[in-house]
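To be precise, the following lines are my_file22.txt, and they hold compact mmCIF, C-alpha atoms and all ligand atoms.
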# COMPACT_ATOMS: atom_id res chain seq x y z
CA MET A 288 237.31 -40.01 205.41
CA THR A 289 234.99 -37.37 204.03
CA HIS A 290 232.17 -38.83 201.99
CA PRO A 291 232.55 -38.05 198.29
CA GLU A 292 229.24 -36.20 197.98
CA GLU A 293 230.16 -33.86 200.82
CA SER A 294 232.27 -30.77 200.69
CA VAL A 295 234.64 -29.98 203.56
CA SER A 296 233.24 -26.45 203.51
CA GLU A 297 229.94 -27.89 204.75
CA PRO A 298 229.87 -27.66 208.57
CA VAL A 299 230.15 -30.96 210.42
CA ILE A 300 227.69 -29.67 213.03
CA SER A 301 225.25 -26.83 212.51
CA LEU A 302 222.61 -25.63 214.97
CA ARG A 303 220.26 -22.82 213.95
CA GLY A 304 217.81 -21.26 216.38
CA VAL A 305 217.73 -24.39 218.52
CA ARG A 306 215.27 -24.37 221.38
CA ALA A 307 214.66 -27.23 223.78
CA ASP A 308 212.57 -27.59 226.92
CA LEU A 309 213.13 -30.06 229.73
CA GLY A 310 209.96 -30.50 231.72
CA SER A 311 208.30 -27.13 231.36
CA ARG A 312 211.62 -25.30 231.53
CA PRO A 313 213.21 -23.72 228.44
CA VAL A 314 216.83 -24.95 228.64
CA LEU A 315 218.08 -24.00 225.15
CA ARG A 316 216.69 -20.64 224.10
CA GLY A 317 217.76 -20.14 220.51
CA ILE A 318 221.26 -21.56 220.01
CA ASP A 319 223.35 -21.05 216.87
CA LEU A 320 226.49 -23.17 216.73
CA THR A 321 228.73 -24.24 213.88
CA VAL A 322 231.60 -26.72 214.02
CA ASN A 323 233.62 -26.93 210.82
CA HIS A 324 235.62 -29.83 209.45
CA GLY A 325 238.76 -30.45 211.56
CA GLU A 326 237.88 -27.84 214.17
CA VAL A 327 238.15 -28.37 217.94
CA VAL A 328 235.39 -26.40 219.66
CA ALA A 329 234.94 -26.13 223.43
CA LEU A 330 231.47 -25.55 224.84
CA LEU A 331 231.87 -23.65 228.10
CA GLY A 332 229.54 -22.14 230.65
CA ALA A 333 228.40 -22.28 234.25
CA ASN A 334 226.54 -25.25 235.72
CA GLY A 335 223.05 -25.47 234.32
CA SER A 336 223.75 -23.18 231.35
CA GLY A 337 222.66 -25.92 228.93
CA LYS A 338 225.95 -27.43 227.69
CA SER A 339 224.98 -31.08 228.16
CA THR A 340 221.51 -30.44 226.77
CA ALA A 341 223.08 -28.86 223.69
CA VAL A 342 225.30 -31.88 222.94
CA ARG A 343 222.49 -34.29 223.77
CA SER A 344 220.26 -32.44 221.31
CA ILE A 345 222.94 -32.90 218.63
CA ILE A 346 223.00 -36.66 219.06
CA GLY A 347 219.21 -36.87 219.15
CA GLN A 348 218.62 -37.49 222.86
CA VAL A 349 216.71 -34.27 223.43
CA PRO A 350 213.76 -33.27 221.22
CA LEU A 351 213.82 -29.77 219.76
CA ALA A 352 211.04 -27.28 220.44
CA ALA A 353 212.29 -25.17 217.50
CA GLY A 354 215.22 -24.74 215.17
CA GLU A 355 217.33 -27.04 213.06
CA ILE A 356 220.35 -29.29 213.56
CA ARG A 357 222.42 -30.62 210.67
CA LEU A 358 225.17 -33.25 210.90
CA PHE A 359 227.56 -33.56 207.95
CA GLY A 360 225.08 -31.46 205.97
CA THR A 361 222.09 -33.74 206.66
CA ASP A 362 219.11 -32.83 208.82
CA ARG A 363 219.57 -34.66 212.12
CA LYS A 364 216.17 -36.34 211.76
CA ALA A 365 217.29 -37.92 208.49
CA PHE A 366 220.88 -38.61 209.62
CA ARG A 367 221.61 -42.35 209.92
CA ASP A 368 225.39 -42.58 209.68
CA TRP A 369 226.04 -42.71 213.42
CA ALA A 370 229.26 -44.72 213.00
CA ARG A 371 230.81 -41.40 211.93
CA VAL A 372 230.04 -39.90 215.33
CA GLY A 373 231.76 -40.90 218.58
CA TYR A 374 230.00 -39.75 221.75
CA VAL A 375 231.42 -39.84 225.27
CA PRO A 376 228.63 -39.01 227.74
CA GLN A 377 229.14 -37.19 230.99
CA ARG A 378 230.59 -39.77 233.34
CA THR A 379 228.33 -40.93 236.12
CA THR A 380 229.68 -42.36 239.32
CA ALA A 381 226.95 -45.00 239.46
CA ALA A 382 228.37 -48.51 239.09
CA GLY A 383 227.42 -50.17 235.84
CA GLY A 384 225.75 -53.20 237.39
CA VAL A 385 226.40 -55.63 234.57
CA PRO A 386 229.95 -56.97 234.85
CA ALA A 387 231.94 -56.38 231.68
CA THR A 388 235.58 -56.46 230.73
CA VAL A 389 237.41 -53.47 229.30
CA THR A 390 237.51 -55.20 225.90
CA GLU A 391 233.76 -55.88 225.96
CA VAL A 392 232.94 -52.24 226.66
CA VAL A 393 235.30 -50.95 223.97
CA SER A 394 234.09 -53.58 221.46
CA SER A 395 230.52 -52.34 221.91
CA GLY A 396 231.70 -49.07 220.39
CA ARG A 397 232.78 -50.92 217.25
CA LEU A 398 229.43 -52.59 216.56
CA SER A 399 228.26 -49.68 214.42
CA ARG A 400 231.08 -50.48 211.98
CA ALA A 401 230.78 -54.29 212.15
CA ARG A 402 228.95 -56.02 209.35
CA PHE A 403 225.88 -57.92 210.64
CA GLY A 404 226.95 -57.05 214.18
CA VAL A 405 229.83 -59.54 214.05
CA LEU A 406 233.30 -58.27 214.91
CA ARG A 407 235.93 -59.41 212.39
CA LYS A 408 239.70 -59.36 212.70
CA SER A 409 239.90 -55.76 211.45
CA ASP A 410 237.29 -54.74 214.05
CA ARG A 411 239.20 -56.46 216.85
CA GLU A 412 242.35 -54.66 215.67
CA ALA A 413 240.51 -51.32 215.81
CA VAL A 414 239.42 -52.12 219.38
CA ARG A 415 243.01 -52.94 220.29
CA ARG A 416 244.26 -49.69 218.68
CA ALA A 417 241.68 -47.68 220.64
CA LEU A 418 242.84 -49.31 223.88
CA GLU A 419 246.45 -48.54 223.03
CA LEU A 420 245.58 -44.92 222.25
CA VAL A 421 244.27 -44.41 225.78
CA GLY A 422 247.03 -46.49 227.38
CA MET A 423 244.70 -49.26 228.57
CA ALA A 424 245.86 -52.20 226.43
CA ASP A 425 247.37 -53.92 229.47
CA ARG A 426 243.98 -53.84 231.23
CA ALA A 427 242.04 -55.34 228.30
CA LYS A 428 240.83 -58.39 230.21
CA ASP A 429 240.06 -56.65 233.49
CA SER A 430 236.57 -55.96 234.72
CA VAL A 431 235.64 -52.29 234.37
CA ASP A 432 234.50 -52.39 238.00
CA ALA A 433 238.17 -52.74 239.00
CA LEU A 434 239.18 -49.42 237.39
CA SER A 435 239.70 -45.97 238.86
CA GLY A 436 237.51 -43.09 237.71
CA GLY A 437 240.19 -41.84 235.33
CA GLN A 438 240.78 -45.29 233.86
CA HIS A 439 237.05 -45.76 233.45
CA GLN A 440 236.87 -42.52 231.52
CA ARG A 441 239.74 -43.68 229.28
CA VAL A 442 237.75 -46.84 228.51
CA LEU A 443 234.68 -44.77 227.57
CA ILE A 444 236.83 -42.68 225.26
CA ALA A 445 238.35 -45.82 223.74
CA ARG A 446 234.79 -47.07 223.15
CA ALA A 447 234.03 -43.89 221.17
CA LEU A 448 237.34 -44.11 219.27
CA ALA A 449 236.86 -47.79 218.37
CA ALA A 450 234.50 -46.83 215.55
CA GLU A 451 237.16 -44.44 214.19
CA PRO A 452 234.70 -41.55 214.15
CA GLU A 453 235.15 -38.42 212.05
CA LEU A 454 233.37 -36.40 214.74
CA LEU A 455 234.03 -36.82 218.43
CA ILE A 456 231.62 -35.30 220.95
CA MET A 457 232.69 -35.46 224.59
CA ASP A 458 230.82 -34.18 227.63
CA GLU A 459 233.25 -33.11 230.36
CA PRO A 460 235.90 -35.71 229.51
CA MET A 461 238.26 -34.43 232.22
CA ALA A 462 235.73 -34.28 235.08
CA GLY A 463 236.81 -36.41 238.02
CA VAL A 464 239.86 -37.68 236.11
CA ASP A 465 243.23 -37.95 237.86
CA LEU A 466 246.16 -35.95 236.53
CA ALA A 467 247.92 -38.93 234.89
CA SER A 468 244.76 -39.87 232.98
CA GLN A 469 244.20 -36.22 232.03
CA GLU A 470 247.60 -36.15 230.38
CA VAL A 471 246.91 -39.40 228.52
CA LEU A 472 243.55 -38.05 227.36
CA ALA A 473 245.04 -34.75 226.21
CA HIS A 474 247.66 -36.66 224.22
CA THR A 475 245.02 -39.01 222.75
CA LEU A 476 242.95 -36.07 221.66
CA GLU A 477 245.97 -34.36 220.15
CA GLU A 478 246.56 -37.43 217.97
CA GLN A 479 242.93 -37.55 216.89
CA VAL A 480 242.99 -33.87 215.98
CA ALA A 481 246.24 -34.31 214.05
CA ALA A 482 244.54 -37.10 212.11
CA GLY A 483 241.75 -34.69 211.11
CA THR A 484 238.99 -35.61 213.57
CA THR A 485 236.48 -32.85 214.29
CA VAL A 486 235.86 -32.38 218.02
CA LEU A 487 233.16 -30.77 220.15
CA LEU A 488 233.94 -30.83 223.88
CA VAL A 489 231.92 -29.73 226.87
CA LEU A 490 234.38 -28.36 229.41
CA HIS A 491 234.29 -26.60 232.73
CA GLU A 492 237.70 -25.11 232.12
CA LEU A 493 240.15 -25.47 229.26
CA GLY A 494 242.92 -26.93 231.46
CA PRO A 495 245.39 -29.25 229.71
CA LEU A 496 243.30 -29.19 226.52
CA GLU A 497 243.76 -25.46 226.03
CA PRO A 498 246.44 -25.75 223.29
CA LEU A 499 244.10 -27.89 221.19
CA ILE A 500 241.05 -25.63 221.29
CA ASP A 501 240.42 -23.56 218.14
CA ARG A 502 237.26 -21.83 219.32
CA ALA A 503 235.15 -21.52 222.43
CA VAL A 504 231.40 -21.15 222.60
CA VAL A 505 230.20 -19.95 225.99
CA LEU A 506 226.59 -20.57 227.03
CA ARG A 507 224.66 -18.71 229.67
CA ASP A 508 221.05 -19.50 230.50
CA GLY A 509 220.55 -21.44 227.29
CA CYS A 510 221.92 -18.67 225.03
CA VAL A 511 225.29 -18.18 223.33
CA LEU A 512 227.19 -15.49 225.21
CA HIS A 513 230.50 -15.74 223.33
CA ASP A 514 231.65 -17.50 220.16
CA GLY A 515 235.26 -16.89 219.29
CA PRO A 516 238.82 -17.35 220.48
CA PRO A 517 239.10 -19.42 223.66
CA PRO A 518 239.21 -17.22 226.74
CA LYS A 519 242.91 -17.62 227.53
CA ALA A 520 242.63 -17.14 231.24
CA VAL A 521 240.16 -19.88 232.06
CA GLY A 522 242.69 -22.63 232.65
CA GLN A 523 245.31 -20.73 234.64
CA HIS A 524 242.99 -18.50 236.54
CA ALA A 525 240.82 -21.33 237.68
CA LEU A 526 243.83 -22.43 239.71
CA PRO A 527 244.20 -21.35 243.33
CA GLY A 528 246.26 -18.21 243.78
CA HIS A 529 245.18 -16.61 240.51
CA ASP A 530 242.96 -13.94 241.93
CA HIS A 531 244.57 -10.94 240.27
CA VAL A 532 242.57 -9.00 237.73
CA HIS A 533 243.21 -8.47 234.03
CA PRO A 534 240.61 -5.92 232.99
CA HIS A 535 241.37 -6.42 229.27
CA GLU A 536 240.25 -10.05 229.38
CA PRO A 537 236.51 -10.56 229.01
CA ILE A 538 236.67 -13.71 231.09
CA HIS A 539 237.09 -11.65 234.25
CA THR A 540 233.88 -9.81 233.61
CA GLY A 541 231.93 -12.91 234.45
CA LEU A 542 231.86 -14.66 231.07
CA LEU A 543 231.84 -18.06 232.74
CA SER A 544 229.98 -17.32 235.93
N1 LIG B 1 215.64 -34.14 232.62
C1 LIG B 1 215.54 -32.88 233.02
N2 LIG B 1 214.35 -32.35 233.41
C2 LIG B 1 214.25 -31.06 233.80
N3 LIG B 1 215.29 -30.20 233.83
C3 LIG B 1 216.49 -30.67 233.47
C4 LIG B 1 216.70 -32.03 233.04
N4 LIG B 1 218.01 -32.19 232.73
C5 LIG B 1 218.60 -30.99 232.95
N5 LIG B 1 217.70 -30.09 233.39
C6 LIG B 1 217.97 -28.68 233.73
O1 LIG B 1 218.36 -28.03 232.55
C7 LIG B 1 219.37 -27.06 232.81
C8 LIG B 1 220.55 -27.29 231.88
O2 LIG B 1 221.17 -28.53 232.21
P1 LIG B 1 222.48 -29.05 231.48
O3 LIG B 1 222.82 -30.37 232.09
O4 LIG B 1 222.30 -28.98 230.01
O5 LIG B 1 223.53 -27.94 231.91
P2 LIG B 1 225.09 -27.98 231.86
O6 LIG B 1 225.49 -26.64 231.35
O7 LIG B 1 225.58 -29.15 231.12
O8 LIG B 1 225.44 -28.09 233.39
P3 LIG B 1 226.50 -28.99 234.18
O9 LIG B 1 227.81 -28.32 233.97
O10 LIG B 1 226.02 -28.90 235.58
O11 LIG B 1 226.42 -30.38 233.60
C9 LIG B 1 219.70 -27.21 234.27
O12 LIG B 1 219.07 -26.18 234.97
C10 LIG B 1 219.14 -28.54 234.66
O13 LIG B 1 218.72 -28.53 235.99
Could you spell out this file's structure in structure tokens?
Ligand SMILES: Nc1ncnc2c1ncn2[C@@H]1O[C@H](COP(=O)(O)OP(=O)(O)OP(=O)(O)O)[C@@H](O)[C@H]1O
Amino acid sequence: MTHPEESVSEPVISLRGVRADLGSRPVLRGIDLTVNHGEVVALLGANGSGKSTAVRSIIGQVPLAAGEIRLFGTDRKAFRDWARVGYVPQRTTAAGGVPATVTEVVSSGRLSRARFGVLRKSDREAVRRALELVGMADRAKDSVDALSGGQHQRVLIARALAAEPELLIMDEPMAGVDLASQEVLAHTLEEQVAAGTTVLLVLHELGPLEPLIDRAVVLRDGCVLHDGPPPKAVGQHALPGHDHVHPHEPIHTGLLS
């Protein structure tokens, strides 16, 4: 669903010289990052390297100290078409407080597409499709408080998918997610990618998503350390028992530490 005035050669996300401070601390120290149409890019790096801050700067939650961000070719400050962007924040363990059903949470993700904020039949169908995609259609009427961590994460992803976004940004979608939900999420993402969705993912390790990743951008201390093919070893070698050394692979020289 590319807009007619746009060319697919225009990056979907472009960061140039992005700097951001949190408190008095420089957290992003001159980031360049490009995500092209249909690409799946993983943002990797150690804790505190700035991954979440980078994605939060893209969606406008962190002010820039310097640099430029463009979304679909438009300066982020002038960008208004947020229905084209699905965002799944880093999951918190804090209980939501306000009781809501699975359908209510996922429907909230459709509001950006609903005319006058009223969900029509086609919107309710999109909500239902999103729930089916993440295998949660049978829990539609349940309270989100009754869900496991992995199921909760599936609901948050369904909320992002309900708007049928062209760009999906997810912050650690697999963190704290049980194996069964991880497999469902990997399959969901595979279908989105096959349908042409552009994806930027913050990950700790590639894990089950590895086959989907086109490119990895590794951050260290708020700078880009690596931008290129995904470091193959991250998934397997993060597992216990994989302590042998492959000197030809940059990952073992501390790329992610
Ligand atoms: N609101 C804030 N005020 C001050 N410093 C912050 C704030 N939020 C994050 N930071 C600091 O900014 C740095 C980058 O944080 P960020 O969450 O972007 O890293 P990350 O790479 O996503 O790490 P993690 O994998 O732990 O989520 C960290 O050192 C963090 O402590």
Rounded to one decimal, what separation in Å do you get between atom CA of Ala413 of chain A and atom CA of Glu453 of chain A?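 Going from atom CA of Ala413 of chain A over to atom CA of Glu453 of chain A, I get 14.5 Å.
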Need to verify the contact set: segment 369-377 of chain A, 9 Å, all atoms listed in the file, exclusion of same-chain residues closer than 2 positions in sequence. Can you return it as a PDB file with C-alpha atoms, keeping the file's coordinate frame?
ATOM      1  CA  SER A 339     224.980 -31.080 228.160  1.00  0.00           C
ATOM      2  CA  ARG A 343     222.490 -34.290 223.770  1.00  0.00           C
ATOM      3  CA  ILE A 346     223.000 -36.660 219.060  1.00  0.00           C
ATOM      4  CA  PHE A 366     220.880 -38.610 209.620  1.00  0.00           C
ATOM      5  CA  ARG A 367     221.610 -42.350 209.920  1.00  0.00           C
ATOM      6  CA  THR A 379     228.330 -40.930 236.120  1.00  0.00           C
ATOM      7  CA  GLY A 396     231.700 -49.070 220.390  1.00  0.00           C
ATOM      8  CA  ARG A 397     232.780 -50.920 217.250  1.00  0.00           C
ATOM      9  CA  LEU A 398     229.430 -52.590 216.560  1.00  0.00           C
ATOM     10  CA  SER A 399     228.260 -49.680 214.420  1.00  0.00           C
ATOM     11  CA  ARG A 400     231.080 -50.480 211.980  1.00  0.00           C
ATOM     12  CA  GLN A 440     236.870 -42.520 231.520  1.00  0.00           C
ATOM     13  CA  LEU A 443     234.680 -44.770 227.570  1.00  0.00           C
ATOM     14  CA  ILE A 444     236.830 -42.680 225.260  1.00  0.00           C
ATOM     15  CA  ARG A 446     234.790 -47.070 223.150  1.00  0.00           C
ATOM     16  CA  ALA A 447     234.030 -43.890 221.170  1.00  0.00           C
ATOM     17  CA  LEU A 448     237.340 -44.110 219.270  1.00  0.00           C
ATOM     18  CA  ALA A 449     236.860 -47.790 218.370  1.00  0.00           C
ATOM     19  CA  ALA A 450     234.500 -46.830 215.550  1.00  0.00           C
ATOM     20  CA  GLU A 451     237.160 -44.440 214.190  1.00  0.00           C
ATOM     21  CA  PRO A 452     234.700 -41.550 214.150  1.00  0.00           C
ATOM     22  CA  GLU A 453     235.150 -38.420 212.050  1.00  0.00           C
ATOM     23  CA  LEU A 454     233.370 -36.400 214.740  1.00  0.00           C
ATOM     24  CA  LEU A 455     234.030 -36.820 218.430  1.00  0.00           C
ATOM     25  CA  ILE A 456     231.620 -35.300 220.950  1.00  0.00           C
ATOM     26  CA  MET A 457     232.690 -35.460 224.590  1.00  0.00           C
ATOM     27  CA  ASP A 458     230.820 -34.180 227.630  1.00  0.00           C
ATOM     28  CA  GLU A 459     233.250 -33.110 230.360  1.00  0.00           C
ATOM     29  CA  PRO A 460     235.900 -35.710 229.510  1.00  0.00           C
ATOM     30  CA  ALA A 462     235.730 -34.280 235.080  1.00  0.00           C
ATOM     31  CA  VAL A 489     231.920 -29.730 226.870  1.00  0.00           C
TER      32      VAL A 489
END
Just give me the gap between atom CA of Arg402 of chain A and atom CA of Leu420 of chain A in Å, one decimal is fine.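 Distance between the two atoms: 23.8 Å.
Take atom CA of Leu476 of chain A and atom O6 of ligand LIG 1 (chain B): the distance between them is 22.1 Å.
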As a quick test: using all atoms listed in the file, which residues lie no more than 7 Å away from ligand LIG 1 (chain B)? Give them as a VMD selection string. chain A and resid 309 to 310 312 314 332 to 341 491
So, with only C-alpha atoms as the atoms that count, which of A:Val322, A:Cys510, A:Leu330, A:Ala307 lies closest to Leu490 of chain A? A:Leu330
Counting all atoms listed in the file, find the residues whose atoms lie at most 8 Å from (240.7, -42.4, 235.4) (file coordinates) and write them out as a list in words. Leu434, Ser435, Gly436, Gly437, Gln438, His439, Gln440, Arg441, Gly463, Val464, Asp465, Ser468 and Gln469 of chain A
Within 12 Å of Gly317 of chain A, counting all atoms listed in the file, which residues qualify if same-chain residues fewer than 2 places away don't, as a VMD selection string? chain A and resid 302 to 308 313 to 315 319 to 320 337 341 351 to 356 506 to 512
8 Å contact set for Ala401 of chain A, only C-alpha atoms, chain neighbours under 5 positions out, as a PyMOL selection string: chain A and resi 406-407+410
Kindly list the centre and edge lengths in Å, rounded to one decimal, for the axis-aligned box that covers all listed atoms of segment 492-505 of chain A plus 8 Å on each of its six sides, as AutoDock Vina command-line options.
--center_x 238.3 --center_y -24.6 --center_z 225.1 --size_x 32.2 --size_y 25.3 --size_z 30.0
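Between Ser395 of chain A and the residues A:His324, A:His513, A:Arg411, A:Arg416, the shortest atom-to-atom distance, using all atoms listed in the file, involves A:Arg411.
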Which residue out of A:Pro298, A:Gly494, A:Pro386, A:Gly515 has the minimum interatomic distance to Val431 of chain A when only C-alpha atoms are used? A:Pro386
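Between Val471 of chain A and the candidates A:Glu297, A:Glu419, A:Glu391, A:Glu412, the tightest atom-to-atom separation, counting only C-alpha atoms, involves A:Glu419.
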Of the listed residues A:Pro517, A:Phe403, A:Ala387, A:Ser301, that which approaches Arg357 of chain A most closely, counting only C-alpha atoms: A:Ser301
